[in-house]
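Novice: My structure is in entry35.cif, and what it holds is mmCIF, C-alpha atoms and all ligand atoms:
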data_data
#
loop_
_atom_site.label_atom_id
_atom_site.label_comp_id
_atom_site.auth_asym_id
_atom_site.auth_seq_id
_atom_site.Cartn_x
_atom_site.Cartn_y
_atom_site.Cartn_z
CA LEU A 1 -22.31 -74.41 28.09
CA ASN A 2 -19.34 -75.26 30.22
CA THR A 3 -16.19 -74.75 28.23
CA PRO A 4 -13.08 -72.73 29.13
CA VAL A 5 -14.15 -69.95 26.75
CA SER A 6 -17.74 -69.73 28.00
CA ASP A 7 -16.42 -69.69 31.58
CA LEU A 8 -14.08 -66.87 30.65
CA LEU A 9 -16.88 -64.88 28.94
CA GLY A 10 -19.07 -65.46 31.98
CA ARG A 11 -16.56 -64.14 34.48
CA ARG A 12 -15.20 -61.18 32.49
CA ARG A 13 -16.04 -57.81 34.01
CA SER A 14 -14.79 -54.35 33.30
CA VAL A 15 -12.02 -53.78 35.86
CA ARG A 16 -11.27 -50.22 36.95
CA SER A 17 -9.05 -50.85 39.96
CA PHE A 18 -5.54 -52.17 39.37
CA LEU A 19 -2.57 -53.29 41.45
CA PRO A 20 0.53 -51.08 41.08
CA ARG A 21 2.28 -53.91 39.25
CA SER A 22 3.56 -53.55 35.70
CA VAL A 23 2.57 -55.96 32.96
CA GLU A 24 5.49 -58.14 31.86
CA THR A 25 6.80 -57.64 28.32
CA GLY A 26 6.14 -61.28 27.45
CA ILE A 27 2.51 -60.92 28.54
CA LEU A 28 2.10 -57.74 26.50
CA ASP A 29 3.55 -59.56 23.49
CA GLN A 30 0.87 -62.25 23.85
CA ILE A 31 -1.78 -59.55 24.05
CA PHE A 32 -0.51 -57.84 20.90
CA ALA A 33 -0.41 -61.19 19.10
CA ALA A 34 -4.08 -61.74 20.05
CA ALA A 35 -4.94 -58.32 18.60
CA ALA A 36 -3.05 -59.03 15.39
CA ARG A 37 -5.01 -62.29 14.88
CA ALA A 38 -8.41 -60.54 15.00
CA PRO A 39 -10.80 -60.63 12.05
CA SER A 40 -10.63 -57.60 9.78
CA GLY A 41 -12.70 -56.48 6.79
CA GLY A 42 -10.82 -57.65 3.68
CA ASN A 43 -8.06 -58.54 6.14
CA ILE A 44 -6.61 -55.08 5.47
CA GLN A 45 -6.04 -54.37 9.20
CA PRO A 46 -6.13 -50.56 8.99
CA TRP A 47 -5.49 -49.99 12.69
CA SER A 48 -2.70 -49.33 15.15
CA ILE A 49 -2.26 -49.58 18.89
CA VAL A 50 -0.29 -47.03 20.88
CA CYS A 51 0.88 -48.75 24.07
CA ILE A 52 1.11 -46.18 26.86
CA THR A 53 2.99 -47.02 30.06
CA GLU A 54 4.95 -43.90 31.11
CA PRO A 55 3.21 -42.27 34.10
CA ASP A 56 3.29 -38.76 32.59
CA ARG A 57 1.66 -39.96 29.41
CA ARG A 58 -0.96 -41.95 31.33
CA ALA A 59 -1.75 -38.83 33.34
CA ARG A 60 -2.03 -36.75 30.18
CA LEU A 61 -4.38 -39.24 28.54
CA CYS A 62 -6.39 -39.38 31.76
CA GLU A 63 -6.96 -35.61 31.59
CA LEU A 64 -7.99 -35.88 27.94
CA VAL A 65 -10.65 -38.55 28.54
CA GLY A 66 -12.52 -36.77 31.31
CA ASN A 67 -10.29 -37.68 34.25
CA GLN A 68 -11.33 -41.28 34.63
CA PRO A 69 -8.86 -42.30 37.37
CA TRP A 70 -8.23 -45.83 36.02
CA VAL A 71 -6.53 -44.30 32.98
CA ARG A 72 -3.92 -42.80 35.30
CA ASN A 73 -3.76 -45.81 37.62
CA ALA A 74 -3.63 -48.71 35.16
CA PRO A 75 -0.01 -49.70 34.37
CA VAL A 76 -0.85 -49.93 30.66
CA THR A 77 -3.37 -48.20 28.48
CA LEU A 78 -3.71 -49.26 24.86
CA LEU A 79 -4.94 -46.58 22.50
CA PHE A 80 -6.70 -48.22 19.56
CA CYS A 81 -6.68 -46.13 16.38
CA ILE A 82 -8.07 -46.35 12.89
CA ASP A 83 -4.92 -46.09 10.78
CA PHE A 84 -5.27 -45.30 7.10
CA HIS A 85 -1.88 -43.59 7.23
CA ARG A 86 0.12 -46.81 7.04
CA THR A 87 -2.29 -48.37 4.52
CA ARG A 88 -2.10 -45.32 2.26
CA GLN A 89 1.69 -45.29 2.57
CA TRP A 90 1.82 -48.92 1.47
CA ALA A 91 -0.49 -48.17 -1.46
CA ARG A 92 1.76 -45.26 -2.48
CA ILE A 93 4.93 -47.35 -2.24
CA GLU A 94 3.33 -49.99 -4.45
CA SER A 95 1.75 -47.49 -6.90
CA ALA A 96 -1.78 -48.64 -5.98
CA PRO A 97 -4.68 -46.15 -6.08
CA TYR A 98 -6.00 -45.22 -2.61
CA GLN A 99 -9.09 -43.22 -1.64
CA ALA A 100 -10.36 -45.09 1.41
CA GLU A 101 -10.23 -41.87 3.46
CA GLN A 102 -13.21 -40.66 1.37
CA SER A 103 -15.35 -43.73 2.02
CA LEU A 104 -17.72 -43.85 4.97
CA THR A 105 -18.04 -47.61 4.41
CA SER A 106 -14.27 -48.11 4.65
CA PHE A 107 -14.28 -45.99 7.81
CA LEU A 108 -17.07 -48.01 9.44
CA ILE A 109 -15.41 -51.30 8.55
CA ALA A 110 -12.14 -50.00 10.01
CA TYR A 111 -14.04 -48.93 13.13
CA ALA A 112 -15.35 -52.48 13.45
CA ASP A 113 -11.82 -53.85 12.85
CA VAL A 114 -10.58 -51.75 15.76
CA TYR A 115 -13.17 -53.28 18.10
CA CYS A 116 -12.49 -56.81 16.85
CA ALA A 117 -8.83 -56.31 17.75
CA ALA A 118 -9.64 -54.60 21.04
CA HIS A 119 -12.01 -57.30 22.12
CA ASN A 120 -9.51 -60.02 21.27
CA VAL A 121 -7.27 -58.16 23.70
CA THR A 122 -9.89 -58.09 26.46
CA ILE A 123 -10.43 -61.84 26.10
CA ALA A 124 -6.71 -62.69 25.91
CA ALA A 125 -6.01 -60.39 28.87
CA GLU A 126 -8.71 -62.06 30.95
CA ASP A 127 -7.20 -65.44 30.08
CA LEU A 128 -3.79 -64.21 31.29
CA GLY A 129 -5.20 -63.07 34.65
CA LEU A 130 -5.38 -59.41 33.71
CA GLY A 131 -8.35 -57.05 33.78
CA THR A 132 -9.40 -54.45 31.23
CA VAL A 133 -11.84 -51.60 30.77
CA TYR A 134 -12.76 -49.75 27.62
CA VAL A 135 -12.66 -45.96 27.64
CA GLY A 136 -14.85 -44.56 24.89
CA THR A 137 -14.60 -40.89 25.86
CA VAL A 138 -11.53 -40.79 23.63
CA LEU A 139 -13.96 -39.64 20.93
CA SER A 140 -14.49 -36.31 22.74
CA SER A 141 -10.82 -35.28 22.48
CA ILE A 142 -9.58 -36.59 19.15
CA PRO A 143 -7.51 -33.53 18.13
CA GLU A 144 -5.85 -33.24 21.55
CA ILE A 145 -5.07 -36.96 21.70
CA ARG A 146 -3.71 -36.89 18.15
CA ARG A 147 -1.33 -34.09 19.17
CA ALA A 148 -0.33 -35.63 22.49
CA PHE A 149 0.58 -39.00 20.94
CA ALA A 150 1.95 -37.75 17.61
CA LEU A 151 -0.75 -39.42 15.51
CA PRO A 152 -0.24 -38.44 11.87
CA GLU A 153 -2.84 -37.67 9.21
CA LEU A 154 -5.47 -40.42 8.77
CA VAL A 155 -4.85 -41.84 12.24
CA VAL A 156 -7.80 -41.39 14.60
CA PRO A 157 -8.05 -42.68 18.17
CA ILE A 158 -11.28 -44.68 18.61
CA VAL A 159 -11.09 -46.24 22.05
CA ALA A 160 -8.62 -46.81 24.87
CA LEU A 161 -8.30 -50.00 26.86
CA CYS A 162 -6.82 -49.92 30.36
CA VAL A 163 -4.98 -53.14 31.19
CA GLY A 164 -3.51 -54.38 34.45
CA TYR A 165 -3.67 -56.87 37.29
CA PRO A 166 -7.02 -56.39 39.04
CA ARG A 167 -7.11 -55.10 42.59
CA ARG A 168 -10.80 -56.00 42.66
CA ARG A 169 -13.50 -57.00 40.23
CA PRO A 170 -17.17 -56.04 40.30
CA ALA A 171 -19.15 -58.99 41.64
CA GLY A 172 -21.74 -58.88 38.89
CA ILE A 173 -23.04 -56.60 36.24
CA PRO A 174 -26.62 -56.94 35.02
CA LYS A 175 -27.35 -57.76 31.41
CA LEU A 176 -30.57 -57.98 29.44
CA ALA A 177 -32.11 -61.43 29.08
CA VAL A 178 -31.31 -63.16 25.82
CA GLU A 179 -34.95 -63.03 24.65
CA ALA A 180 -34.85 -59.23 24.83
CA LEU A 181 -31.90 -59.16 22.47
CA VAL A 182 -32.57 -61.90 19.94
CA HIS A 183 -35.30 -62.01 17.30
CA ARG A 184 -36.12 -65.26 15.55
CA GLU A 185 -36.15 -64.95 11.77
CA GLN A 186 -37.57 -61.42 11.76
CA TYR A 187 -37.80 -58.42 14.05
CA ARG A 188 -40.81 -58.13 16.33
CA THR A 189 -41.45 -55.07 18.49
CA ALA A 190 -42.30 -56.25 22.01
CA ALA A 191 -45.24 -54.94 24.03
CA ASP A 192 -44.51 -52.02 26.36
CA ASP A 193 -45.12 -54.12 29.48
CA GLN A 194 -42.66 -56.70 28.24
CA VAL A 195 -39.99 -54.10 27.50
CA ARG A 196 -40.43 -52.45 30.89
CA GLN A 197 -40.10 -55.85 32.56
CA TRP A 198 -36.93 -56.74 30.65
CA TYR A 199 -35.25 -53.55 31.83
CA LEU A 200 -36.62 -53.93 35.37
CA ASP A 201 -35.18 -57.44 35.45
CA LYS A 202 -31.87 -56.02 34.29
CA TYR A 203 -31.54 -52.98 36.54
CA GLY A 204 -33.90 -53.61 39.42
CA ASP A 205 -35.67 -50.72 41.08
CA LEU A 206 -33.97 -47.42 41.62
CA ASP A 207 -33.99 -47.66 45.40
CA GLN A 208 -34.20 -44.58 47.60
CA THR A 209 -30.54 -44.49 48.63
CA LEU A 210 -29.26 -45.61 45.21
CA THR A 211 -26.63 -47.67 47.03
CA GLY A 212 -27.65 -51.01 45.55
CA TYR A 213 -28.15 -49.41 42.18
CA PHE A 214 -24.64 -47.95 42.11
CA GLU A 215 -23.26 -51.27 43.29
CA ARG A 216 -25.02 -53.18 40.52
CA THR A 217 -24.86 -50.89 37.55
CA TYR A 218 -22.62 -47.89 38.05
CA GLN A 219 -19.21 -49.20 39.05
CA GLU A 220 -17.56 -46.08 37.66
CA ILE A 221 -18.93 -43.83 40.39
CA ARG A 222 -17.82 -46.26 43.11
CA GLU A 223 -14.31 -46.30 41.72
CA ILE A 224 -14.16 -42.52 41.32
CA GLU A 225 -15.25 -42.19 44.96
CA ASP A 226 -12.60 -44.72 46.02
CA GLN A 227 -9.69 -43.72 43.85
CA GLU A 228 -9.90 -40.00 43.47
CA LYS A 229 -12.85 -38.02 44.69
CA PRO A 230 -14.58 -38.96 47.94
CA GLY A 231 -18.00 -37.34 47.88
CA SER A 232 -18.68 -38.15 44.23
CA ILE A 233 -21.45 -40.60 45.07
CA GLU A 234 -23.12 -38.04 47.31
CA GLN A 235 -22.90 -35.47 44.53
CA VAL A 236 -24.64 -37.84 42.10
CA ARG A 237 -27.33 -38.52 44.70
CA ARG A 238 -28.02 -34.80 44.98
CA ILE A 239 -28.25 -34.39 41.20
CA VAL A 240 -30.59 -37.38 40.95
CA ALA A 241 -32.84 -35.79 43.57
CA ARG A 242 -32.75 -32.39 41.88
CA LEU A 243 -33.59 -33.85 38.45
CA GLU A 244 -36.37 -35.91 40.09
CA ILE A 245 -35.03 -39.06 38.48
CA ALA A 246 -37.53 -41.86 39.08
CA ASN A 247 -36.15 -44.88 37.23
CA SER A 248 -33.15 -46.35 35.44
CA ALA A 249 -34.07 -45.05 32.00
CA GLN A 250 -34.27 -41.52 33.39
CA PHE A 251 -30.98 -42.06 35.20
CA LEU A 252 -29.29 -42.95 31.92
CA PHE A 253 -30.97 -40.54 29.52
CA LYS A 254 -31.57 -37.53 31.77
CA PHE A 255 -28.38 -37.69 33.82
CA ARG A 256 -25.58 -39.84 32.38
CA TYR A 257 -26.05 -39.58 28.63
CA PRO A 258 -28.61 -36.84 27.93
CA GLY A 259 -29.28 -36.52 24.21
CA SER A 260 -29.14 -32.74 24.45
CA ARG A 261 -25.51 -32.99 25.60
CA MET A 262 -24.46 -35.97 23.47
CA LYS A 263 -25.53 -34.31 20.24
CA LEU A 264 -23.30 -31.31 20.98
CA LEU A 265 -20.42 -33.67 20.18
CA ASN A 266 -21.54 -34.06 16.53
CA GLN A 267 -19.82 -30.94 15.25
CA PRO A 268 -16.48 -31.39 17.06
CA LEU A 269 -16.43 -35.07 16.08
CA TRP A 270 -17.09 -34.25 12.44
CA ASP A 271 -14.43 -31.52 12.53
CA ALA A 272 -11.94 -33.88 14.18
CA LEU A 273 -12.36 -36.43 11.39
CA GLN A 274 -11.95 -33.69 8.78
CA GLY A 275 -8.92 -32.45 10.70
CA ALA A 276 -7.39 -35.92 10.46
CA GLY A 277 -7.87 -35.91 6.69
CA PHE A 278 -11.09 -37.90 6.32
CA ARG A 279 -13.47 -36.59 3.62
CA PHE A 280 -16.90 -38.21 3.44
CA ASP A 281 -18.42 -35.76 0.96
CA VAL A 282 -21.31 -37.04 -1.14
CA THR A 283 -20.62 -34.82 -4.14
C1 LIG A 301 -17.65 -48.71 23.52
C2 LIG A 301 -17.47 -48.73 25.01
C3 LIG A 301 -17.08 -47.60 25.67
C4 LIG A 301 -16.89 -47.61 27.05
N1 LIG A 301 -16.43 -46.48 27.67
C5 LIG A 301 -16.20 -46.51 28.99
C6 LIG A 301 -15.65 -45.37 29.65
O1 LIG A 301 -15.38 -44.33 29.03
N2 LIG A 301 -15.41 -45.46 30.98
C7 LIG A 301 -15.66 -46.60 31.69
O2 LIG A 301 -15.41 -46.62 32.90
N3 LIG A 301 -16.19 -47.70 31.11
C8 LIG A 301 -16.46 -47.68 29.78
N4 LIG A 301 -16.95 -48.79 29.16
C9 LIG A 301 -17.22 -50.01 29.94
C10 LIG A 301 -18.71 -50.19 30.22
O3 LIG A 301 -19.11 -49.28 31.23
C11 LIG A 301 -18.97 -51.64 30.64
O4 LIG A 301 -18.65 -52.49 29.58
C12 LIG A 301 -20.42 -51.85 31.05
O5 LIG A 301 -20.72 -51.13 32.21
C13 LIG A 301 -20.73 -53.33 31.27
O6 LIG A 301 -19.86 -53.86 32.23
P1 LIG A 301 -18.97 -55.14 31.90
O7 LIG A 301 -17.94 -54.72 30.87
O8 LIG A 301 -18.33 -55.50 33.21
O9 LIG A 301 -19.86 -56.20 31.34
C14 LIG A 301 -17.15 -48.79 27.78
C15 LIG A 301 -17.54 -49.94 27.10
C16 LIG A 301 -17.68 -49.93 25.74
C17 LIG A 301 -18.09 -51.20 25.03
#
Go ahead and express the file in the form of structure tokens.
Specialist:
Amino acid sequence: LNTPVSDLLGRRRSVRSFLPRSVETGILDQIFAAAARAPSGGNIQPWSIVCITEPDRRARLCELVGNQPWVRNAPVTLLFCIDFHRTRQWARIESAPYQAEQSLTSFLIAYADVYCAAHNVTIAAEDLGLGTVYVGTVLSSIPEIRRAFALPELVVPIVALCVGYPRRRPAGIPKLAVEALVHREQYRTAADDQVRQWYLDKYGDLDQTLTGYFERTYQEIREIEDQEKPGSIEQVRRIVARLEIANSAQFLFKFRYPGSRMKLLNQPLWDALQGAGFRFDVT
């Protein structure tokens, strides 16, 4: 394919390094219009964006999402939220019954709506010469973010998107081959050798120095090293050696996203949703 859209999809990269240049109001308006046009389950659009530009607020959000420097350094960060507050208010005004906050299905559809809107923004931003990066660690600090940005009941932050003019873009980022991702007519589990090869083709070998590996697949650590904490890469290298990490799967699931640590987020996440007024009881 060789169309403007496929070109754009082909060149999009997550950008984590931005010029200290603000994003013009007219450009932001185009971005918000792209979000508003996104598909939405039942076209209910139960979401809101908080547009954060003031340096103090950017710094505060940065702290709350695990100090990812691009959240402080990007001129704009958009906080995408599920918003049943406005929808419920509308239902109340119009004397319509409303219980969506008790429905896991409604929540999951709203979650998808948020990402449809957010991804429209990433595509529109790319088209306008801007760069973006998603920040998913928002989910670890829902109560704190709700307080810091005055989110009312039934408004939950789902993801942040940093937006700005790129200082640099990663040259390439590896992706799985299409045949690893697509099943024809029905699902077929691939042979172990095939699966290993797909991931080897994606990530390459974990070389001794990790330099090429970081360059290809772990842009975050390069940017942290550059923007905020020299020595971060060296620190990761030491941890990788200590944990005796031998391949990319171990790098991801022993070091970056270990299940033992990820599952500790279940309880606080559940409590945060309850705290925002969501009730998914099955009784
Ligand atoms: C749901 C989601 C959450 C993400 N969270 C973060 C994040 O917290 N920090 C970050 O630097 N990048 C984050 N990313 C960006 C990914 O690291 C990035 O998409 C991936 O490495 C592939 O690179 P690409 O976007 O250039 O194709 C997130 C992406 C998605 C889709």
Novice: So the first atom is atom C7 of ligand LIG 301 (chain A) and the second is atom CA of Ser141 of chain A; what is the distance between them in Å, to one decimal place?
Specialist: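 Atom CA of Ser141 of chain A lies at a distance of 15.4 Å from atom C7 of ligand LIG 301 (chain A).
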Novice: List all protein, DNA and RNA residues that have at least one atom no more than 7 Å from any atom of ligand LIG 301 (chain A), counting all atoms listed in the file, and write them as JSON, numbers by chain.
Specialist: {"A": [12, 13, 14, 16, 68, 133, 134, 135, 136, 137, 173, 217, 218, 220]}
Novice: Could the residues in this selection be saved with C-alpha atoms as a PDB file, in the frame of the given file?
Specialist:
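File produced: out_10.pdb:
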ATOM      1  CA  ARG A  12     -15.200 -61.180  32.490  1.00  0.00           C
ATOM      2  CA  ARG A  13     -16.040 -57.810  34.010  1.00  0.00           C
ATOM      3  CA  SER A  14     -14.790 -54.350  33.300  1.00  0.00           C
ATOM      4  CA  ARG A  16     -11.270 -50.220  36.950  1.00  0.00           C
ATOM      5  CA  GLN A  68     -11.330 -41.280  34.630  1.00  0.00           C
ATOM      6  CA  VAL A 133     -11.840 -51.600  30.770  1.00  0.00           C
ATOM      7  CA  TYR A 134     -12.760 -49.750  27.620  1.00  0.00           C
ATOM      8  CA  VAL A 135     -12.660 -45.960  27.640  1.00  0.00           C
ATOM      9  CA  GLY A 136     -14.850 -44.560  24.890  1.00  0.00           C
ATOM     10  CA  THR A 137     -14.600 -40.890  25.860  1.00  0.00           C
ATOM     11  CA  ILE A 173     -23.040 -56.600  36.240  1.00  0.00           C
ATOM     12  CA  THR A 217     -24.860 -50.890  37.550  1.00  0.00           C
ATOM     13  CA  TYR A 218     -22.620 -47.890  38.050  1.00  0.00           C
ATOM     14  CA  GLU A 220     -17.560 -46.080  37.660  1.00  0.00           C
TER      15      GLU A 220
END
Novice: Which one is closest to Val178 of chain A: A:Phe18, A:Trp198, A:Phe107, A:Tyr165? Count only C-alpha atoms.
Specialist: A:Trp198
Novice: Would you be able to write out as a list in words which residues have an atom within 12 Å of (-39.6, -53.1, 32.9) in the file's coordinates, counting only C-alpha atoms?
Specialist: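 So the residues meeting the distance criterion are Leu176, Ala177, Ala180, Ala190, Ala191, Asp192, Asp193, Gln194, Val195, Arg196, Gln197, Trp198, Tyr199, Leu200, Asp201, Lys202, Tyr203, Gly204, Asp205, Leu206, Asn247, Ser248 and Ala249 of chain A.
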Novice: Could you tell me how far atom CA of Arg167 of chain A lies from atom CA of Glu24 of chain A, in Å and to one decimal?
Specialist: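 It comes out at 16.8 Å.
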Novice: For each of A:Ala96, A:Leu181, A:Ala150, A:Ala34, take the minimum atom-to-atom distance to Asn120 of chain A, counting all atoms listed in the file, then give the residue where this is smallest.
Specialist: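 Once distances to Asn120 of chain A are computed over all atoms listed in the file, the minimum belongs to A:Ala34.
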Novice: What separation in Å, quoted to one decimal, exists between atom CA of Ala33 of chain A and atom CA of Leu78 of chain A?
Specialist: 13.7 Å
Novice: Specify the axis-aligned box that encloses all atoms of segment 1-18 of chain A listed in the file after padding of 6 Å on each side, stating its centre and edge lengths in Å to one decimal as AutoDock Vina command-line options.
Specialist:
--center_x -13.9 --center_y -62.7 --center_z 33.4 --size_x 28.8 --size_y 37.0 --size_z 25.2
Novice: Write out as a list in words the residues lying within 8 Å of Thr132 of chain A, counting all atoms listed in the file and excluding same-chain residues fewer than 5 positions away.
Specialist: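 So the residues in contact are Arg13, Ser14, Val15, Arg16, Thr122, Ala125, Glu126, Leu161, Cys162, Val163 and Gly164 of chain A.
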Novice: Env of Ile239 of chain A: 12 Å cut, atoms = all atoms listed in the file, seq-sep filter 6 positions within chain, self excluded. Answer as a PDB file with C-alpha atoms, in the coordinates of the input.
Specialist:
ATOM      1  CA  LEU A 210     -29.260 -45.610  45.210  1.00  0.00           C
ATOM      2  CA  SER A 232     -18.680 -38.150  44.230  1.00  0.00           C
ATOM      3  CA  ILE A 233     -21.450 -40.600  45.070  1.00  0.00           C
ATOM      4  CA  ILE A 245     -35.030 -39.060  38.480  1.00  0.00           C
ATOM      5  CA  PHE A 251     -30.980 -42.060  35.200  1.00  0.00           C
ATOM      6  CA  LYS A 254     -31.570 -37.530  31.770  1.00  0.00           C
ATOM      7  CA  PHE A 255     -28.380 -37.690  33.820  1.00  0.00           C
ATOM      8  CA  ARG A 256     -25.580 -39.840  32.380  1.00  0.00           C
TER       9      ARG A 256
END
Novice: Neighbours of Ala272 of chain A within 9 Å (only C-alpha atoms; same-chain residues fewer than 6 positions away dropped), as a short mmCIF file (atom, residue, chain, number, x, y, z; two decimals) with C-alpha atoms, in the frame of the given file?
Specialist:
data_model
loop_
_atom_site.label_atom_id
_atom_site.label_comp_id
_atom_site.auth_asym_id
_atom_site.auth_seq_id
_atom_site.Cartn_x
_atom_site.Cartn_y
_atom_site.Cartn_z
CA SER A 141 -10.82 -35.28 22.48
CA ILE A 142 -9.58 -36.59 19.15
CA PRO A 143 -7.51 -33.53 18.13
CA VAL A 156 -7.80 -41.39 14.60
CA PHE A 278 -11.09 -37.90 6.32
#
